$ cat structure_15.txt   # compact mmCIF, C-alpha atoms
# COMPACT_ATOMS: atom_id res chain seq x y z
CA MET A 8 0.00 0.00 0.00
CA MET A 9 2.84 2.40 0.79
CA ALA A 10 4.40 1.63 -2.60
CA SER A 11 1.17 2.55 -4.38
CA LEU A 12 0.98 5.78 -2.37
CA ALA A 13 4.53 6.72 -3.45
CA ALA A 14 3.72 5.93 -7.06
CA SER A 15 0.63 8.13 -6.97
CA THR A 16 2.58 10.94 -5.37
CA ALA A 17 5.26 10.73 -8.11
CA ALA A 18 2.58 10.76 -10.79
CA ALA A 19 0.94 13.82 -9.23
CA SER A 20 4.23 15.69 -9.08
CA LEU A 21 4.93 14.69 -12.69
CA GLY A 22 1.59 16.10 -13.75
CA VAL A 23 2.22 19.38 -11.90
CA SER A 24 5.68 19.63 -13.48
CA GLU A 25 4.20 19.21 -16.93
CA MET A 26 1.49 21.76 -16.13
CA PHE A 27 3.96 24.47 -15.13
CA GLY A 28 6.53 23.66 -17.81
CA ASN A 29 9.28 22.62 -15.41
CA PRO A 30 11.96 20.22 -16.70
CA LEU A 31 11.26 16.62 -15.88
CA ASN A 32 13.82 14.72 -13.83
CA PHE A 33 13.17 11.02 -14.43
CA SER A 34 16.28 9.90 -12.62
CA GLY A 35 15.11 11.55 -9.44
CA ALA A 36 11.68 9.96 -9.80
CA ALA A 37 13.20 6.54 -10.26
CA ARG A 38 15.22 6.85 -7.08
CA THR A 39 12.24 7.99 -4.99
CA SER A 40 11.53 5.57 -2.19
CA ALA A 41 8.51 5.28 0.06
CA PRO A 42 8.58 7.42 3.19
CA PRO A 43 8.95 5.60 6.46
CA ALA A 44 5.78 4.80 8.35
CA SER A 45 6.82 6.99 11.28
CA SER A 46 6.93 10.23 9.21
CA PRO A 47 3.49 11.53 8.26
CA VAL A 48 2.93 12.51 4.65
CA THR A 49 1.73 16.11 4.21
CA PHE A 50 0.23 17.56 1.05
CA LYS A 51 0.37 21.31 0.26
CA PRO A 52 -2.62 22.45 -1.79
CA VAL A 53 -1.74 24.41 -4.95
CA ALA A 54 -4.15 26.96 -6.36
CA LEU A 55 -3.71 26.46 -10.07
CA PHE A 56 -6.13 29.10 -11.28
CA SER A 57 -5.80 31.73 -8.56
CA LYS A 58 -5.28 35.32 -9.75
CA LYS A 59 -3.93 36.57 -6.46
CA LYS A 60 -0.22 37.42 -6.67
CA ALA A 61 2.27 37.24 -3.89
CA ALA A 62 2.88 40.50 -2.06
CA PRO A 63 6.02 42.30 -3.29
CA PRO A 64 8.94 42.52 -0.89
CA PRO A 65 8.98 45.70 1.19
CA LYS A 66 10.93 48.52 -0.41
CA SER A 67 14.06 49.54 1.35
CA LYS A 68 14.09 53.08 2.64
CA PRO A 69 16.34 55.26 0.45
CA ALA A 70 19.43 56.54 2.08
CA PRO A 71 19.48 60.29 2.73
CA VAL A 72 21.11 62.22 -0.12
CA SER A 73 23.34 65.16 0.68
CA PRO A 74 22.55 68.54 -0.93
CA ALA A 75 25.78 68.34 -2.93
CA ASN A 76 24.77 65.02 -4.49
CA GLU A 77 21.28 66.32 -5.23
CA GLU A 78 22.80 69.30 -7.00
CA LEU A 79 25.17 67.08 -8.96
CA ALA A 80 22.27 64.92 -10.15
CA LYS A 81 20.75 68.02 -11.80
CA TRP A 82 23.76 68.53 -14.05
CA TYR A 83 25.41 65.13 -14.49
CA GLY A 84 24.29 61.64 -15.45
CA PRO A 85 21.33 60.23 -17.41
CA ASP A 86 18.71 62.13 -15.36
CA ARG A 87 20.34 65.53 -15.75
CA ARG A 88 18.56 68.58 -17.09
CA ILE A 89 18.31 68.70 -20.87
CA PHE A 90 17.89 71.58 -23.29
CA LEU A 91 14.12 71.10 -23.66
CA PRO A 92 11.46 70.12 -21.08
CA GLU A 93 10.60 66.46 -20.72
CA GLY A 94 7.32 66.81 -22.61
CA LEU A 95 9.02 68.35 -25.66
CA LEU A 96 12.08 66.11 -25.82
CA ASP A 97 12.37 62.41 -25.14
CA ARG A 98 15.63 61.34 -23.55
CA SER A 99 15.95 58.55 -26.10
CA ASP A 100 16.43 61.23 -28.78
CA ILE A 101 19.60 62.52 -27.12
CA PRO A 102 22.74 61.35 -28.98
CA ALA A 103 24.34 58.34 -27.33
CA TYR A 104 27.73 60.04 -27.06
CA LEU A 105 26.27 62.80 -24.84
CA THR A 106 26.29 60.85 -21.61
CA GLY A 107 26.22 63.72 -19.12
CA GLU A 108 29.75 63.14 -17.88
CA VAL A 109 31.12 66.59 -18.79
CA PRO A 110 29.89 69.86 -17.25
CA GLY A 111 27.28 71.71 -19.26
CA ASP A 112 26.08 68.68 -21.26
CA TYR A 113 22.39 69.33 -21.96
CA GLY A 114 22.20 66.70 -24.69
CA TYR A 115 22.33 69.32 -27.46
CA ASP A 116 24.37 68.67 -30.59
CA PRO A 117 22.03 69.14 -33.59
CA PHE A 118 24.84 68.99 -36.17
CA GLY A 119 26.64 65.98 -34.69
CA LEU A 120 29.92 67.87 -34.35
CA SER A 121 31.09 65.79 -31.39
CA LYS A 122 30.41 62.24 -32.58
CA ARG A 123 34.08 61.36 -32.57
CA PRO A 124 35.73 61.41 -29.11
CA GLU A 125 38.66 63.51 -30.32
CA ASP A 126 36.27 66.10 -31.73
CA PHE A 127 34.28 66.08 -28.51
CA SER A 128 37.37 66.92 -26.45
CA LYS A 129 38.48 69.55 -28.95
CA TYR A 130 35.18 71.41 -29.06
CA GLN A 131 34.82 71.19 -25.30
CA ALA A 132 38.16 72.96 -24.92
CA TYR A 133 37.27 75.57 -27.57
CA GLU A 134 33.99 76.41 -25.90
CA LEU A 135 35.47 76.68 -22.42
CA ILE A 136 38.38 78.88 -23.53
CA HIS A 137 36.16 81.20 -25.58
CA GLY A 138 33.76 81.41 -22.64
CA ARG A 139 36.57 82.45 -20.28
CA TRP A 140 37.81 85.13 -22.67
CA ALA A 141 34.24 86.34 -23.17
CA MET A 142 33.75 86.70 -19.40
CA LEU A 143 36.92 88.78 -19.16
CA GLY A 144 35.91 90.79 -22.23
CA ALA A 145 32.40 91.48 -20.94
CA ALA A 146 33.84 92.75 -17.66
CA GLY A 147 36.27 94.96 -19.61
CA PHE A 148 33.41 96.37 -21.68
CA ILE A 149 31.21 97.21 -18.70
CA ILE A 150 33.42 98.20 -15.76
CA PRO A 151 35.33 101.20 -17.23
CA GLU A 152 32.18 102.70 -18.75
CA ALA A 153 30.23 102.18 -15.52
CA LEU A 154 32.99 103.71 -13.41
CA ASN A 155 33.22 106.70 -15.73
CA LYS A 156 29.45 107.18 -15.74
CA PHE A 157 29.17 107.15 -11.96
CA GLY A 158 31.95 109.56 -11.10
CA ALA A 159 35.33 107.93 -11.70
CA ASN A 160 37.70 109.60 -14.13
CA CYS A 161 38.45 106.95 -16.73
CA GLY A 162 39.13 109.37 -19.53
CA PRO A 163 36.80 111.20 -21.86
CA GLU A 164 36.06 108.06 -23.88
CA ALA A 165 35.66 105.07 -21.58
CA VAL A 166 33.42 103.17 -24.02
CA TRP A 167 35.09 100.03 -25.30
CA PHE A 168 35.14 100.80 -29.03
CA LYS A 169 36.06 104.45 -28.48
CA THR A 170 39.02 103.39 -26.37
CA GLY A 171 40.29 101.40 -29.34
CA ALA A 172 39.74 104.43 -31.57
CA LEU A 173 41.93 106.52 -29.25
CA LEU A 174 44.79 104.07 -29.66
CA LEU A 175 44.32 104.00 -33.42
CA GLU A 176 44.63 107.79 -33.47
CA GLY A 177 47.93 107.61 -31.58
CA ASN A 178 46.59 108.73 -28.21
CA THR A 179 47.18 107.09 -24.83
CA LEU A 180 44.76 105.89 -22.16
CA ASN A 181 43.65 107.71 -19.04
CA TYR A 182 42.35 105.85 -15.97
CA PHE A 183 41.45 107.55 -12.68
CA GLY A 184 43.12 110.76 -13.79
CA ARG A 185 46.45 109.11 -14.55
CA ASN A 186 47.91 108.93 -18.01
CA ILE A 187 48.88 105.40 -19.04
CA PRO A 188 51.53 105.50 -21.77
CA ILE A 189 50.19 102.62 -23.85
CA ASN A 190 50.02 103.05 -27.59
CA LEU A 191 48.54 100.70 -30.16
CA VAL A 192 51.79 98.88 -30.96
CA PHE A 193 52.52 98.21 -27.30
CA ALA A 194 48.94 97.02 -26.68
CA VAL A 195 49.09 94.55 -29.60
CA ILE A 196 52.49 93.15 -28.55
CA PHE A 197 51.36 92.87 -24.94
CA GLU A 198 48.21 91.03 -25.96
CA ILE A 199 50.09 88.62 -28.22
CA ILE A 200 52.50 87.77 -25.41
CA LEU A 201 49.76 87.21 -22.85
CA VAL A 202 47.29 85.33 -25.03
CA GLY A 203 49.94 83.48 -27.03
CA GLY A 204 51.85 82.51 -23.90
CA ALA A 205 48.73 81.20 -22.20
CA GLU A 206 47.81 79.16 -25.27
CA TYR A 207 51.35 77.81 -25.62
CA TYR A 208 51.44 76.54 -22.03
CA ARG A 209 47.94 75.10 -22.41
CA ILE A 210 48.75 73.16 -25.58
CA THR A 211 52.13 71.87 -24.39
CA ASN A 212 51.00 71.47 -20.76
CA GLY A 213 54.14 73.30 -19.78
CA LEU A 214 53.09 73.54 -16.14
CA GLY A 215 52.41 69.79 -15.88
CA PHE A 216 48.75 69.93 -14.86
CA GLU A 217 46.78 66.71 -14.69
CA ASP A 218 43.63 68.45 -15.99
CA GLN A 219 44.55 71.08 -18.56
CA LEU A 220 41.05 72.55 -18.78
CA HIS A 221 40.49 72.79 -15.02
CA PRO A 222 44.00 72.91 -13.57
CA GLY A 223 43.25 74.25 -10.09
CA GLY A 224 46.35 74.71 -7.95
CA PRO A 225 47.70 78.25 -8.47
CA PHE A 226 44.60 79.06 -10.54
CA ASP A 227 42.43 78.40 -7.47
CA PRO A 228 44.15 80.57 -4.83
CA LEU A 229 41.07 80.60 -2.56
CA GLY A 230 40.73 76.82 -2.61
CA LEU A 231 37.12 76.94 -3.77
CA ALA A 232 37.39 73.63 -5.64
CA LYS A 233 39.16 71.47 -3.07
CA ASP A 234 36.05 69.37 -2.51
CA PRO A 235 35.41 67.18 -5.61
CA ASP A 236 31.62 67.64 -5.50
CA GLN A 237 31.96 71.39 -5.15
CA ALA A 238 34.50 71.44 -7.97
CA ALA A 239 32.04 69.62 -10.26
CA ILE A 240 29.33 72.17 -9.48
CA LEU A 241 31.71 75.09 -10.07
CA LYS A 242 32.61 73.65 -13.48
CA VAL A 243 28.94 73.77 -14.45
CA LYS A 244 28.61 77.35 -13.24
CA GLU A 245 31.72 78.35 -15.17
CA ILE A 246 30.54 76.99 -18.52
CA LYS A 247 27.05 78.42 -18.04
CA ASN A 248 28.43 81.89 -17.32
CA GLY A 249 30.88 81.53 -20.19
CA ARG A 250 28.07 80.77 -22.65
CA LEU A 251 26.08 83.73 -21.36
CA ALA A 252 29.12 85.98 -21.72
CA MET A 253 29.63 84.92 -25.34
CA PHE A 254 26.05 85.89 -26.16
CA ALA A 255 26.53 89.14 -24.21
CA MET A 256 29.61 90.03 -26.25
CA LEU A 257 27.68 89.41 -29.46
CA GLY A 258 24.93 91.68 -28.14
CA PHE A 259 27.44 94.39 -27.26
CA TYR A 260 28.78 94.38 -30.82
CA PHE A 261 25.34 94.75 -32.39
CA GLN A 262 24.29 97.39 -29.85
CA ALA A 263 27.37 99.46 -30.56
CA TYR A 264 26.80 99.21 -34.32
CA VAL A 265 23.10 100.13 -34.12
CA THR A 266 23.11 102.78 -31.37
CA GLY A 267 26.70 104.02 -31.41
CA GLU A 268 26.79 103.74 -27.60
CA GLY A 269 28.19 101.41 -24.98
CA PRO A 270 26.22 98.80 -23.05
CA VAL A 271 26.01 100.84 -19.83
CA GLU A 272 24.58 103.87 -21.64
CA ASN A 273 22.10 101.67 -23.49
CA LEU A 274 20.96 100.13 -20.21
CA ALA A 275 20.67 103.51 -18.46
CA LYS A 276 18.48 104.92 -21.26
CA HIS A 277 16.27 101.84 -21.29
CA LEU A 278 15.74 101.94 -17.53
CA SER A 279 14.91 105.64 -17.61
CA ASP A 280 12.25 105.12 -20.33
CA PRO A 281 11.56 101.43 -21.01
CA PHE A 282 8.80 102.08 -23.55
CA GLY A 283 10.66 104.86 -25.36
CA ASN A 284 14.07 103.17 -25.52
CA ASN A 285 13.99 99.53 -26.47
CA LEU A 286 14.77 97.23 -29.37
CA LEU A 287 11.56 98.01 -31.25
CA THR A 288 11.94 101.79 -31.05
CA VAL A 289 15.56 101.57 -32.17
CA ILE A 290 14.66 99.41 -35.16
CA ALA A 291 11.73 101.68 -36.04
CA GLY A 292 14.03 104.71 -35.92
CA SER A 293 11.88 106.62 -33.45
CA THR A 294 14.75 107.17 -31.03
CA GLU A 295 17.66 109.52 -31.56
CA ARG A 296 20.60 107.54 -32.80
CA ALA A 297 24.20 108.40 -32.08
CA PRO A 298 26.69 108.48 -34.98
CA THR A 299 27.51 105.04 -36.27
CA LEU A 300 30.88 103.35 -35.83
$ encode --input "structure_15.txt" --output "structure tokens"
Amino acid sequence: MMASLAASTAAASLGVSEMFGNPLNFSGAARTSAPPASSPVTFKPVALFSKKKAAPPPKSKPAPVSPANEELAKWYGPDRRIFLPEGLLDRSDIPAYLTGEVPGDYGYDPFGLSKRPEDFSKYQAYELIHGRWAMLGAAGFIIPEALNKFGANCGPEAVWFKTGALLLEGNTLNYFGRNIPINLVFAVIFEIILVGGAEYYRITNGLGFEDQLHPGGPFDPLGLAKDPDQAAILKVKEIKNGRLAMFAMLGFYFQAYVTGEGPVENLAKHLSDPFGNNLLTVIAGSTERAPTL
């Protein structure tokens, strides 16, 4: 009787295995022996057609994220901010080579200029260097004119393009009432030495920096980028301000050509009469226009 019970049990398990598609192990079935009389045989009912699923395992509580890591997640990685809102741009449309590993990567490369890794590195360096020069240039456009407008003696012509005209005419510069004996030839030579020297050391890595684009060390005298997370955030801020400065420089050029005035004077006139001095009134010719360049 016990042998027949074991045989029926093996047949039942064989039927269940076939029903659920499990592999059949005939060798194991052949070696199955009858259970001893002292051990009771228990049967576990199986609900074959039940729709109730097992409860999922409890979710682990996420570890607290520091503010620095939260800020980094906005600008780096696959979930970073992109150049269009989520509803207007699907992340699957972002080129695969824009992985969010470099600062300022918004997934925007409509012409595919950075498909090759060597081109990516090259254009990244070009953009960062032009952005840094644009930030310096924008400050040089604004500060002397603003100082001159609000009481400082920076010469009769502290506007950026008129300062260049003074040098072309053979005059010298005047800042804070002091004559600076700099003529055009000296200014050009000085600029070539400074800019050319900086580019030479950057290309040849003459100072032996590990990261040529973000060297740190003597170029971070205040130690603002000692913390790696803070350094990554500062890199994003730098490229964002550099891009804004490049657009600002382009705007300064067009403003000077159209109005014949510097950016500070344009801003002062607009703030004094926003509806009488703006882009539309300048284009329409209803505002008095200074002599052109």
$ closest_residue --input "structure_15.txt" --among "A:Ile246, A:Ala159, A:Leu79, A:Leu173" --to "Arg185 (chain A)" --atoms "all atoms listed in the file"
A:Ala159
$ atom_distance --input "structure_15.txt" --atom1 "CA of Gly258 (chain A)" --atom2 "CA of Asn160 (chain A)"
26.1 Å
$ atom_distance --input "structure_15.txt" --atom1 "CA of Ala252 (chain A)" --atom2 "CA of Phe148 (chain A)"
11.2 Å
$ closest_residue --input "structure_15.txt" --among "A:Ala291, A:Ala103, A:Ala275, A:Leu96" --to "Phe157 (chain A)" --atoms "all atoms listed in the file"
A:Ala275
$ atom_distance --input "structure_15.txt" --atom1 "CA of Arg98 (chain A)" --atom2 "CA of Gly84 (chain A)"
11.9 Å
$ closest_residue --input "structure_15.txt" --among "A:Leu154, A:Ile196, A:Leu191, A:Ala205" --to "Val271 (chain A)" --atoms "all atoms listed in the file"
A:Leu154
$ closest_residue --input "structure_15.txt" --among "A:Gln262, A:Asp218, A:Asn181, A:Gly158" --to "Ala132 (chain A)" --atoms "all atoms listed in the file"
A:Asp218
$ residues_around --input "structure_15.txt" --residues "Trp82 (chain A)" --least-positions-apart "3" --cutoff "10 Å" --atoms "only C-alpha atoms" --output "ChimeraX atom specification"
/A:77-79,85-89,107-113,239-240,243
$ residues_around --input "structure_15.txt" --residues "Gln219 (chain A)" --least-positions-apart "5" --cutoff "12 Å" --atoms "only C-alpha atoms" --output "MDAnalysis selection string"
chainID A and resid 128 131:132 135:136 205:214 224 226
$ residues_around --input "structure_15.txt" --residues "Leu120 (chain A)" --least-positions-apart "5" --cutoff "9 Å" --atoms "all atoms listed in the file" --output "JSON, numbers by chain"
{"A": [126, 127, 130]}
